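Asks: I'm passing along my_file_33.pdb; it holds PDB, C-alpha atoms and all ligand atoms.
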```
ATOM      1  CA  MET A   7      85.585  84.103 223.670
ATOM      2  CA  LYS A   8      83.737  87.461 223.846
ATOM      3  CA  HIS A   9      82.853  88.864 227.261
ATOM      4  CA  ILE A  10      79.559  90.773 227.340
ATOM      5  CA  LEU A  11      78.514  92.745 230.401
ATOM      6  CA  ALA A  12      74.726  92.670 230.937
ATOM      7  CA  LEU A  13      73.535  95.584 233.059
ATOM      8  CA  HIS A  14      69.981  95.065 234.296
ATOM      9  CA  THR A  15      67.880  98.051 235.330
ATOM     10  CA  GLY A  16      64.336  96.635 235.593
ATOM     11  CA  GLY A  17      61.281  97.052 233.349
ATOM     12  CA  THR A  18      58.823  94.506 231.979
ATOM     13  CA  ILE A  19      61.699  92.352 230.700
ATOM     14  CA  SER A  20      62.455  91.485 234.347
ATOM     15  CA  MET A  21      58.848  91.411 235.608
ATOM     16  CA  THR A  22      56.278  88.611 235.996
ATOM     17  CA  ALA A  23      52.516  88.484 235.520
ATOM     18  CA  THR A  24      50.317  87.448 238.466
ATOM     19  CA  ASP A  25      47.224  85.205 238.252
ATOM     20  CA  THR A  26      45.063  88.290 237.797
ATOM     21  CA  GLY A  27      47.210  89.496 234.879
ATOM     22  CA  ALA A  28      48.845  92.369 236.753
ATOM     23  CA  VAL A  29      52.517  92.811 235.813
ATOM     24  CA  VAL A  30      54.770  93.239 238.856
ATOM     25  CA  PRO A  31      58.529  93.447 239.527
ATOM     26  CA  SER A  32      60.047  89.984 240.214
ATOM     27  CA  ASP A  33      62.001  89.114 243.360
ATOM     28  CA  VAL A  34      64.766  87.600 241.232
ATOM     29  CA  ASN A  35      65.464  88.858 237.721
ATOM     30  CA  PRO A  36      64.531  85.955 235.367
ATOM     31  CA  LEU A  37      67.306  86.980 232.945
ATOM     32  CA  LEU A  38      70.057  86.281 235.434
ATOM     33  CA  ASP A  39      70.220  82.553 234.517
ATOM     34  CA  LEU A  40      70.253  83.018 230.739
ATOM     35  CA  SER A  41      74.048  83.002 230.407
ATOM     36  CA  ALA A  42      73.960  79.196 230.532
ATOM     37  CA  HIS A  43      72.162  79.176 227.157
ATOM     38  CA  LEU A  44      74.773  81.171 225.273
ATOM     39  CA  ASP A  45      77.284  79.211 223.228
ATOM     40  CA  GLY A  46      80.553  80.981 222.759
ATOM     41  CA  ILE A  47      79.622  84.199 224.587
ATOM     42  CA  ASP A  48      80.491  84.802 228.227
ATOM     43  CA  VAL A  49      77.763  86.931 229.834
ATOM     44  CA  ILE A  50      78.572  88.723 233.082
ATOM     45  CA  SER A  51      75.406  90.018 234.760
ATOM     46  CA  GLU A  52      74.992  92.955 237.126
ATOM     47  CA  GLU A  53      71.836  94.522 238.505
ATOM     48  CA  VAL A  54      72.509  98.267 238.496
ATOM     49  CA  PHE A  55      69.008  99.038 239.735
ATOM     50  CA  ASN A  56      65.580  97.406 239.464
ATOM     51  CA  LEU A  57      63.005 100.005 238.480
ATOM     52  CA  PRO A  58      59.993 100.321 236.235
ATOM     53  CA  SER A  59      61.293 102.769 233.635
ATOM     54  CA  PRO A  60      58.827 105.574 234.529
ATOM     55  CA  HIS A  61      60.855 105.734 237.783
ATOM     56  CA  VAL A  62      64.154 106.264 235.943
ATOM     57  CA  THR A  63      65.635 109.786 236.058
ATOM     58  CA  PRO A  64      68.682 111.391 234.391
ATOM     59  CA  THR A  65      70.587 110.672 237.629
ATOM     60  CA  GLN A  66      70.184 106.910 237.088
ATOM     61  CA  MET A  67      71.131 107.404 233.421
ATOM     62  CA  LEU A  68      74.376 109.002 234.622
ATOM     63  CA  THR A  69      75.028 106.033 236.969
ATOM     64  CA  LEU A  70      74.657 103.703 233.999
ATOM     65  CA  SER A  71      76.878 105.842 231.781
ATOM     66  CA  ARG A  72      79.619 105.798 234.443
ATOM     67  CA  ARG A  73      79.353 102.010 234.833
ATOM     68  CA  ILE A  74      79.723 101.497 231.076
ATOM     69  CA  ARG A  75      82.704 103.872 230.925
ATOM     70  CA  ALA A  76      84.420 101.789 233.634
ATOM     71  CA  ALA A  77      83.614  98.529 231.797
ATOM     72  CA  GLU A  78      85.770  99.583 228.861
ATOM     73  CA  SER A  79      88.906  99.221 230.958
ATOM     74  CA  GLU A  80      87.801  95.854 232.398
ATOM     75  CA  GLY A  81      88.346  93.783 229.260
ATOM     76  CA  ILE A  82      84.652  93.793 228.364
ATOM     77  CA  ASP A  83      83.902  93.358 224.615
ATOM     78  CA  GLY A  84      80.381  94.800 224.636
ATOM     79  CA  VAL A  85      77.604  95.954 226.964
ATOM     80  CA  VAL A  86      73.896  95.085 226.977
ATOM     81  CA  VAL A  87      71.516  97.178 229.069
ATOM     82  CA  THR A  88      68.060  95.785 229.855
ATOM     83  CA  HIS A  89      65.530  98.518 230.576
ATOM     84  CA  GLY A  90      61.801  99.238 230.748
ATOM     85  CA  THR A  91      60.507 100.315 227.383
ATOM     86  CA  ASP A  92      58.588 103.424 228.495
ATOM     87  CA  THR A  93      61.716 105.588 228.846
ATOM     88  CA  LEU A  94      64.189 103.262 227.120
ATOM     89  CA  GLU A  95      64.762 105.706 224.275
ATOM     90  CA  GLU A  96      65.713 108.467 226.715
ATOM     91  CA  THR A  97      68.249 106.373 228.616
ATOM     92  CA  ALA A  98      69.683 104.976 225.379
ATOM     93  CA  TYR A  99      70.067 108.482 223.942
ATOM     94  CA  PHE A 100      71.655 109.755 227.169
ATOM     95  CA  LEU A 101      74.249 106.963 226.850
ATOM     96  CA  ASP A 102      74.709 107.799 223.174
ATOM     97  CA  LEU A 103      75.418 111.450 223.966
ATOM     98  CA  THR A 104      77.667 110.973 226.977
ATOM     99  CA  LEU A 105      79.788 107.994 225.885
ATOM    100  CA  ASP A 106      82.276 107.545 223.095
ATOM    101  CA  PRO A 107      82.640 103.804 223.520
ATOM    102  CA  THR A 108      85.215 101.655 221.799
ATOM    103  CA  ILE A 109      82.905  98.693 222.492
ATOM    104  CA  PRO A 110      79.276  98.183 221.364
ATOM    105  CA  VAL A 111      76.553  99.357 223.760
ATOM    106  CA  VAL A 112      73.113  97.837 223.120
ATOM    107  CA  VAL A 113      69.885  98.567 225.007
ATOM    108  CA  THR A 114      66.918  96.208 224.971
ATOM    109  CA  GLY A 115      63.633  95.553 226.769
ATOM    110  CA  ALA A 116      60.400  93.616 226.384
ATOM    111  CA  MET A 117      56.729  94.275 225.906
ATOM    112  CA  ARG A 118      55.574  91.057 227.606
ATOM    113  CA  SER A 119      56.754  90.007 231.034
ATOM    114  CA  SER A 120      58.848  86.894 231.630
ATOM    115  CA  ASN A 121      56.038  84.359 232.226
ATOM    116  CA  GLU A 122      53.456  85.619 229.712
ATOM    117  CA  ILE A 123      52.627  83.637 226.559
ATOM    118  CA  GLY A 124      54.769  84.965 223.709
ATOM    119  CA  SER A 125      57.124  86.722 226.112
ATOM    120  CA  ASP A 126      59.755  88.603 224.089
ATOM    121  CA  GLY A 127      62.217  89.258 226.916
ATOM    122  CA  ARG A 128      64.644  86.375 226.608
ATOM    123  CA  TYR A 129      64.556  86.598 222.829
ATOM    124  CA  ASN A 130      65.346  90.321 222.776
ATOM    125  CA  PHE A 131      68.037  89.837 225.418
ATOM    126  CA  LEU A 132      69.689  87.125 223.333
ATOM    127  CA  SER A 133      69.478  89.274 220.181
ATOM    128  CA  ALA A 134      71.028  92.184 222.056
ATOM    129  CA  ILE A 135      73.886  89.977 223.311
ATOM    130  CA  ARG A 136      74.564  88.714 219.797
ATOM    131  CA  THR A 137      74.559  92.280 218.506
ATOM    132  CA  ALA A 138      76.871  93.507 221.280
ATOM    133  CA  ALA A 139      79.247  90.638 220.455
ATOM    134  CA  SER A 140      79.315  91.508 216.744
ATOM    135  CA  ASP A 141      82.149  93.543 215.221
ATOM    136  CA  GLY A 142      79.666  95.418 212.994
ATOM    137  CA  ALA A 143      78.102  97.071 216.059
ATOM    138  CA  ARG A 144      81.279  99.041 216.864
ATOM    139  CA  GLY A 145      81.371 102.755 216.149
ATOM    140  CA  LYS A 146      77.625 103.135 215.646
ATOM    141  CA  GLY A 147      76.807 104.899 218.902
ATOM    142  CA  CYS A 148      74.405 103.355 221.365
ATOM    143  CA  LEU A 149      72.055 100.861 219.677
ATOM    144  CA  VAL A 150      68.566  99.626 220.540
ATOM    145  CA  VAL A 151      67.723  96.029 219.639
ATOM    146  CA  MET A 152      64.100  94.907 219.838
ATOM    147  CA  ASN A 153      62.017  92.474 217.802
ATOM    148  CA  ASP A 154      64.841  91.491 215.378
ATOM    149  CA  GLU A 155      65.672  95.095 214.446
ATOM    150  CA  VAL A 156      68.710  97.248 215.232
ATOM    151  CA  HIS A 157      67.935 100.950 215.709
ATOM    152  CA  THR A 158      70.089 103.906 216.630
ATOM    153  CA  ALA A 159      69.436 105.330 220.090
ATOM    154  CA  ARG A 160      69.483 108.733 218.389
ATOM    155  CA  PHE A 161      66.321 108.267 216.361
ATOM    156  CA  VAL A 162      64.361 105.275 217.688
ATOM    157  CA  THR A 163      61.078 105.800 219.528
ATOM    158  CA  LYS A 164      58.371 103.722 221.210
ATOM    159  CA  THR A 165      55.306 103.859 218.960
ATOM    160  CA  HIS A 166      52.809 101.376 220.387
ATOM    161  CA  THR A 167      51.561 100.807 223.921
ATOM    162  CA  THR A 168      51.645  96.997 223.823
ATOM    163  CA  ASN A 169      52.732  95.590 220.439
ATOM    164  CA  VAL A 170      56.116  93.792 220.375
ATOM    165  CA  ALA A 171      56.966  95.744 217.194
ATOM    166  CA  THR A 172      56.686  99.007 219.112
ATOM    167  CA  PHE A 173      60.185 100.420 218.495
ATOM    168  CA  ARG A 174      60.443 102.280 215.205
ATOM    169  CA  THR A 175      62.750 104.837 213.658
ATOM    170  CA  PRO A 176      60.563 107.405 211.903
ATOM    171  CA  THR A 177      61.932 109.088 208.768
ATOM    172  CA  PHE A 178      65.197 107.067 208.661
ATOM    173  CA  GLY A 179      64.347 103.428 209.516
ATOM    174  CA  PRO A 180      66.378 100.775 211.395
ATOM    175  CA  ILE A 181      70.088 100.404 210.565
ATOM    176  CA  GLY A 182      70.245  96.632 210.851
ATOM    177  CA  LEU A 183      68.537  93.299 211.434
ATOM    178  CA  VAL A 184      69.189  90.379 213.742
ATOM    179  CA  THR A 185      68.760  87.087 211.882
ATOM    180  CA  LYS A 186      69.407  83.470 212.872
ATOM    181  CA  ASP A 187      73.115  83.953 212.245
ATOM    182  CA  GLY A 188      73.622  87.281 213.997
ATOM    183  CA  ALA A 189      73.427  91.049 213.507
ATOM    184  CA  HIS A 190      73.637  92.542 210.017
ATOM    185  CA  PHE A 191      74.034  96.267 209.354
ATOM    186  CA  PHE A 192      72.776  98.071 206.266
ATOM    187  CA  GLN A 193      73.393 101.727 207.113
ATOM    188  CA  GLU A 194      76.176 103.806 208.626
ATOM    189  CA  LEU A 195      75.582 106.492 211.206
ATOM    190  CA  ILE A 196      77.178 109.936 211.027
ATOM    191  CA  ASN A 197      79.386 110.153 214.098
ATOM    192  CA  GLN A 198      78.845 112.717 216.802
ATOM    193  CA  GLN A 199      81.154 114.079 219.484
ATOM    194  CA  ALA A 200      80.558 112.713 222.972
ATOM    195  CA  CYS A 201      79.773 115.217 225.706
ATOM    196  CA  PRO A 202      80.878 113.602 228.982
ATOM    197  CA  VAL A 203      79.061 114.909 232.082
ATOM    198  CA  ASP A 204      79.639 114.571 235.839
ATOM    199  CA  THR A 205      76.271 115.854 237.027
ATOM    200  CA  VAL A 206      72.850 116.317 235.464
ATOM    201  CA  THR A 207      71.007 119.632 235.269
ATOM    202  CA  ASP A 208      67.452 119.417 236.603
ATOM    203  CA  ASN A 209      64.290 121.357 235.790
ATOM    204  CA  VAL A 210      64.429 120.985 232.023
ATOM    205  CA  PHE A 211      60.800 120.751 230.922
ATOM    206  CA  LEU A 212      58.863 119.526 227.899
ATOM    207  CA  LEU A 213      55.592 121.051 226.669
ATOM    208  CA  LYS A 214      53.438 119.998 223.735
ATOM    209  CA  ALA A 215      51.760 122.675 221.629
ATOM    210  CA  PHE A 216      48.049 122.425 220.756
ATOM    211  CA  ALA A 217      45.460 124.406 218.817
ATOM    212  CA  GLY A 218      44.411 127.365 220.943
ATOM    213  CA  MET A 219      47.423 127.174 223.306
ATOM    214  CA  ASP A 220      48.265 130.365 225.166
ATOM    215  CA  GLY A 221      51.041 131.377 227.562
ATOM    216  CA  THR A 222      49.544 129.858 230.754
ATOM    217  CA  LEU A 223      51.877 126.865 230.902
ATOM    218  CA  PHE A 224      54.967 128.897 229.971
ATOM    219  CA  ASP A 225      54.220 131.393 232.774
ATOM    220  CA  ALA A 226      53.624 128.517 235.212
ATOM    221  CA  LEU A 227      57.198 127.208 234.838
ATOM    222  CA  PRO A 228      59.163 127.661 238.081
ATOM    223  CA  ALA A 229      61.796 130.350 238.577
ATOM    224  CA  THR A 230      64.372 127.530 238.753
ATOM    225  CA  THR A 231      63.667 126.419 235.160
ATOM    226  CA  HIS A 232      66.949 125.633 233.379
ATOM    227  CA  GLY A 233      65.536 124.837 229.962
ATOM    228  CA  LEU A 234      62.398 124.122 227.977
ATOM    229  CA  VAL A 235      61.644 121.948 224.964
ATOM    230  CA  ILE A 236      58.465 122.624 223.003
ATOM    231  CA  GLU A 237      56.910 120.078 220.666
ATOM    232  CA  ALA A 238      55.622 122.664 218.209
ATOM    233  CA  LEU A 239      53.019 122.393 215.472
ATOM    234  CA  GLY A 240      53.838 121.121 211.967
ATOM    235  CA  ALA A 241      57.119 122.370 210.535
ATOM    236  CA  GLY A 242      57.806 124.356 213.727
ATOM    237  CA  ASN A 243      55.118 126.933 214.536
ATOM    238  CA  LEU A 244      53.196 128.059 217.634
ATOM    239  CA  PRO A 245      49.833 129.727 218.259
ATOM    240  CA  PRO A 246      50.317 133.528 218.512
ATOM    241  CA  ALA A 247      48.875 133.686 222.052
ATOM    242  CA  THR A 248      51.957 131.839 223.336
ATOM    243  CA  LEU A 249      54.387 134.531 222.155
ATOM    244  CA  PRO A 250      54.287 137.067 225.050
ATOM    245  CA  ALA A 251      54.955 134.350 227.661
ATOM    246  CA  LEU A 252      57.576 132.737 225.450
ATOM    247  CA  GLY A 253      59.279 136.135 225.164
ATOM    248  CA  ARG A 254      59.281 136.484 228.983
ATOM    249  CA  LEU A 255      60.920 133.077 229.331
ATOM    250  CA  LEU A 256      63.625 133.913 226.783
ATOM    251  CA  ALA A 257      64.229 137.304 228.455
ATOM    252  CA  ARG A 258      64.966 135.382 231.690
ATOM    253  CA  GLY A 259      67.754 133.579 229.797
ATOM    254  CA  VAL A 260      65.994 130.192 229.729
ATOM    255  CA  PRO A 261      67.097 128.239 226.633
ATOM    256  CA  VAL A 262      64.015 127.214 224.636
ATOM    257  CA  VAL A 263      64.378 124.356 222.151
ATOM    258  CA  LEU A 264      61.783 123.588 219.501
ATOM    259  CA  VAL A 265      61.016 120.282 217.761
ATOM    260  CA  SER A 266      57.961 119.253 215.769
ATOM    261  CA  ARG A 267      55.148 117.240 217.318
ATOM    262  CA  CYS A 268      54.877 115.444 213.926
ATOM    263  CA  PHE A 269      56.018 111.815 213.931
ATOM    264  CA  ASN A 270      58.108 112.241 210.749
ATOM    265  CA  GLY A 271      60.246 115.057 209.373
ATOM    266  CA  VAL A 272      62.337 117.829 210.937
ATOM    267  CA  ALA A 273      61.514 121.254 212.425
ATOM    268  CA  GLU A 274      62.438 124.233 210.236
ATOM    269  CA  ASP A 275      61.844 127.978 210.239
ATOM    270  CA  PHE A 276      60.154 128.890 206.978
ATOM    271  CA  TYR A 277      56.667 130.149 207.893
ATOM    272  CA  ASP A 278      56.815 133.919 208.299
ATOM    273  CA  TYR A 279      53.545 134.784 210.089
ATOM    274  CA  GLU A 280      52.835 135.582 213.732
ATOM    275  CA  GLY A 281      53.956 132.474 215.649
ATOM    276  CA  GLY A 282      55.584 130.973 212.532
ATOM    277  CA  GLY A 283      59.062 129.478 212.675
ATOM    278  CA  VAL A 284      60.719 132.619 211.283
ATOM    279  CA  THR A 285      59.322 134.704 214.187
ATOM    280  CA  LEU A 286      60.295 132.065 216.735
ATOM    281  CA  LYS A 287      63.869 131.829 215.503
ATOM    282  CA  LYS A 288      64.218 135.630 215.551
ATOM    283  CA  MET A 289      63.041 135.576 219.179
ATOM    284  CA  GLY A 290      65.931 133.223 220.014
ATOM    285  CA  VAL A 291      64.234 129.817 219.993
ATOM    286  CA  ILE A 292      66.689 127.001 219.157
ATOM    287  CA  PHE A 293      65.450 124.684 216.411
ATOM    288  CA  CYS A 294      66.447 121.052 216.891
ATOM    289  CA  GLN A 295      66.370 118.895 213.791
ATOM    290  CA  GLY A 296      65.552 115.206 213.695
ATOM    291  CA  LEU A 297      64.862 114.544 217.388
ATOM    292  CA  ASN A 298      61.535 114.032 219.109
ATOM    293  CA  GLY A 299      60.619 116.068 222.189
ATOM    294  CA  GLN A 300      61.800 113.611 224.832
ATOM    295  CA  LYS A 301      65.185 113.203 223.123
ATOM    296  CA  ALA A 302      65.645 116.927 222.535
ATOM    297  CA  ARG A 303      65.105 117.304 226.292
ATOM    298  CA  ILE A 304      67.845 114.735 227.001
ATOM    299  CA  LYS A 305      70.163 116.576 224.591
ATOM    300  CA  LEU A 306      69.410 119.903 226.285
ATOM    301  CA  ILE A 307      70.104 118.341 229.709
ATOM    302  CA  VAL A 308      73.410 116.879 228.501
ATOM    303  CA  GLY A 309      74.454 120.150 226.804
ATOM    304  CA  LEU A 310      73.651 122.203 229.913
ATOM    305  CA  SER A 311      75.268 119.614 232.208
ATOM    306  CA  GLY A 312      78.385 119.711 230.012
ATOM    307  CA  GLY A 313      78.637 123.483 230.590
ATOM    308  CA  LYS A 314      77.437 124.650 227.166
ATOM    309  CA  ARG A 315      75.684 128.009 227.084
ATOM    310  CA  GLY A 316      74.475 130.549 224.517
ATOM    311  CA  ALA A 317      75.652 130.008 220.936
ATOM    312  CA  ALA A 318      77.623 126.858 221.842
ATOM    313  CA  LEU A 319      74.503 125.301 223.377
ATOM    314  CA  ALA A 320      72.400 126.292 220.349
ATOM    315  CA  THR A 321      74.907 124.724 217.941
ATOM    316  CA  TYR A 322      75.072 121.554 220.046
ATOM    317  CA  VAL A 323      71.300 121.153 220.320
ATOM    318  CA  ASN A 324      70.424 122.322 216.817
ATOM    319  CA  ASN A 325      71.732 119.395 214.890
ATOM    320  CA  ALA A 326      70.948 115.788 215.818
ATOM    321  CA  VAL A 327      74.390 114.677 214.655
ATOM    322  CA  SER A 328      76.565 117.377 216.251
TER     323      SER A 328
HETATM  324  N1  LIG A 401      56.049 100.080 232.031
HETATM  325  C1  LIG A 401      57.164  99.247 231.666
HETATM  326  C2  LIG A 401      58.475  99.949 231.955
HETATM  327  O1  LIG A 401      58.870 100.778 231.185
HETATM  328  C3  LIG A 401      57.070  98.912 230.249
HETATM  329  C4  LIG A 401      58.137  97.991 229.723
HETATM  330  O2  LIG A 401      59.161  97.749 230.306
HETATM  331  O3  LIG A 401      57.909  97.490 228.625
HETATM  332  O4  LIG A 401      59.079  99.674 232.931
END
```
Could you rewrite the structure in this file as structure tokens?
Replies:
Amino acid sequence: MKHILALHTGGTISMTATDTGAVVPSDVNPLLDLSAHLDGIDVISEEVFNLPSPHVTPTQMLTLSRRIRAAESEGIDGVVVTHGTDTLEETAYFLDLTLDPTIPVVVTGAMRSSNEIGSDGRYNFLSAIRTAASDGARGKGCLVVMNDEVHTARFVTKTHTTNVATFRTPTFGPIGLVTKDGAHFFQELINQQACPVDTVTDNVFLLKAFAGMDGTLFDALPATTHGLVIEALGAGNLPPATLPALGRLLARGVPVVLVSRCFNGVAEDFYDYEGGGVTLKKMGVIFCQGLNGQKARIKLIVGLSGGKRGAALATYVNNAVS
């Protein structure tokens, strides 16, 4: 019999709706009794914390990563993490970057709370358990299972505020499906090297570029800033009025990482005009390919927390699969 460790962290999947329709944290997590329904899979449940996911920080992500690392030596065959969907992709990617698990690690959540009509919590939890218990889930990094689809933590993102089909993988698509008879995989993932961390670097910020942006927000970043990610325009360009402040930030030694604010595609340096990607790269901006802004920030935090600096940090952050 497979032993799956379910680590609960809160989110809508563990919440209930009141008579007025407000969604609130439950006194007792409604998923805790689900193990009785699972034929052939032993589910061991633990509540690591109970937070709406906008309350989750990289420190809690590290707590979770440590717990999963310990589970590997406890005879556990797979881990399921339940989590609020708002920051689920960030926690899942943090786990993906910091762990090199020999067992499957699957993160799931829900868009409708436990007592709402059409609640997807128990269903997603069950799908995640089946995926974590499947041999095909090994060696694919941290996975996200929602709404019958298996996504990589590396590329999945929340795309809709309320729809149950909110989790999508732009550009690349899901790598598998959960059907009535279990998880099926249709794509392989290029492996990456884990970067284990003991602490998490704070003050790594994320800014989104917009038409007419100037240097105000760059100059407003505190002296304690350890890193910045910019969601740039199109293929990877910025308005020219941002450049002086950006230059000041780089001169202070703050690593600046650039991704595109576009939903699909990757950031590249091929426009050679003032503020174009070619200028930005020459200034020392690190281009990160294939990640969205919130995930590039997690990668920058993990790289910095793992002691990477300068060229080593740039190489680590540059490529989504390194
Ligand atoms: N606001 C909720 C959370 O992230 C949303 C959810 O779980 O679906 O905690």
Asks: So which residues touch Phe178 in chain A within 10 Å, counting only C-alpha atoms, skipping near sequence neighbours fewer than 5 positions away, as an NGL selection string?
Replies: :A and (157-158 or 161-162 or 193 or 270-271 or 296)
Asks: Show me, as a VMD selection string, the residues that have an atom within 12 Å of Gly259 in chain A when counting all atoms listed in the file, minus same-chain residues fewer than 2 positions from it.
Replies: chain A and resid 229 to 234 252 to 257 261 to 262 289 to 291 315 to 316
Asks: On this file, the PyMOL selection byres (((chain A and resi 138-141) around 9) and not hetatm) gives some set of residues; write that set as a VMD selection string.
Replies: chain A and resid 8 to 10 47 83 to 86 109 to 112 133 to 137 142 to 144 149 188 to 190
Asks: I need the chosen residues saved as a PDB file, in the frame of the given file, with C-alpha atoms.
Replies:
```pdb
ATOM      1  CA  LYS A   8      83.737  87.461 223.846  1.00  0.00           C
ATOM      2  CA  HIS A   9      82.853  88.864 227.261  1.00  0.00           C
ATOM      3  CA  ILE A  10      79.559  90.773 227.340  1.00  0.00           C
ATOM      4  CA  ILE A  47      79.622  84.199 224.587  1.00  0.00           C
ATOM      5  CA  ASP A  83      83.902  93.358 224.615  1.00  0.00           C
ATOM      6  CA  GLY A  84      80.381  94.800 224.636  1.00  0.00           C
ATOM      7  CA  VAL A  85      77.604  95.954 226.964  1.00  0.00           C
ATOM      8  CA  VAL A  86      73.896  95.085 226.977  1.00  0.00           C
ATOM      9  CA  ILE A 109      82.905  98.693 222.492  1.00  0.00           C
ATOM     10  CA  PRO A 110      79.276  98.183 221.364  1.00  0.00           C
ATOM     11  CA  VAL A 111      76.553  99.357 223.760  1.00  0.00           C
ATOM     12  CA  VAL A 112      73.113  97.837 223.120  1.00  0.00           C
ATOM     13  CA  SER A 133      69.478  89.274 220.181  1.00  0.00           C
ATOM     14  CA  ALA A 134      71.028  92.184 222.056  1.00  0.00           C
ATOM     15  CA  ILE A 135      73.886  89.977 223.311  1.00  0.00           C
ATOM     16  CA  ARG A 136      74.564  88.714 219.797  1.00  0.00           C
ATOM     17  CA  THR A 137      74.559  92.280 218.506  1.00  0.00           C
ATOM     18  CA  GLY A 142      79.666  95.418 212.994  1.00  0.00           C
ATOM     19  CA  ALA A 143      78.102  97.071 216.059  1.00  0.00           C
ATOM     20  CA  ARG A 144      81.279  99.041 216.864  1.00  0.00           C
ATOM     21  CA  LEU A 149      72.055 100.861 219.677  1.00  0.00           C
ATOM     22  CA  GLY A 188      73.622  87.281 213.997  1.00  0.00           C
ATOM     23  CA  ALA A 189      73.427  91.049 213.507  1.00  0.00           C
ATOM     24  CA  HIS A 190      73.637  92.542 210.017  1.00  0.00           C
TER      25      HIS A 190
END
```
Asks: For ligand LIG 401 (chain A), return the neighbouring residues as number ranges by chain (distance at most 8 Å; all atoms listed in the file).
Replies: A: 16-19, 57-61, 89-94, 115-119, 168
Asks: Name the residues captured by the PyMOL selection byres (((chain A and resi 173) around 7) and not hetatm) when it is applied to the shown file; answer as a PyMOL selection string.
Replies: chain A and resi 152+162-165+171-172+174
Asks: Can you work out which one of A:Ala215, A:Ala317, A:Val203, A:Leu306 has the shortest atom-to-atom distance to Thr65 in chain A, counting all atoms listed in the file?
Replies: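 Among the listed residues, the smallest separation from Thr65 in chain A belongs to A:Val203.
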Asks: Taking only C-alpha atoms into account, which of A:Leu103, A:Leu44, A:Ile50, A:Met219 comes nearest Pro246 in chain A?
Replies: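 Using only C-alpha atoms, the shortest distance to Pro246 in chain A belongs to A:Met219.
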Asks: Considering all atoms listed in the file, can you say which of A:Leu239, A:Leu244, A:Leu319, A:Ala226 comes closest to Leu286 in chain A?
Replies: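 Checking each of A:Leu239, A:Leu244, A:Leu319, A:Ala226 against Leu286 in chain A, counting all atoms listed in the file, the winner is A:Leu244.
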Asks: Go through the shown structure with the PyMOL selection byres (((chain A and resi 36) around 9) and not hetatm) and write out the matching residues as a list in words.
Replies: Ile19, Ser20, Met21, Thr22, Ser32, Asp33, Val34, Asn35, Leu37, Leu38, Asp39, Leu40, Ser120 and Arg128 of chain A
Asks: To one decimal place, how far is CA of Phe211 in chain A from CA of Ser311 in chain A in Å?
Replies: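 Between these atoms lies a distance of 14.6 Å.
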Asks: So how many Å separate CA of Glu80 in chain A and CA of Gly313 in chain A, to one decimal?
Replies: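 Going from CA of Glu80 in chain A over to CA of Gly313 in chain A, I get 29.2 Å.
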Asks: Please, what distance in Å, to one decimal, runs between CA of Asp106 in chain A and CA of Glu78 in chain A?
Replies: 10.4 Å
Asks: Which residue gives the smallest distance to Asn324 in chain A among A:Thr248, A:Gln66, A:Gln295, A:Asn209, with all atoms listed in the file counted?
Replies: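 Among the listed residues, A:Gln295 lies closest to Asn324 in chain A.
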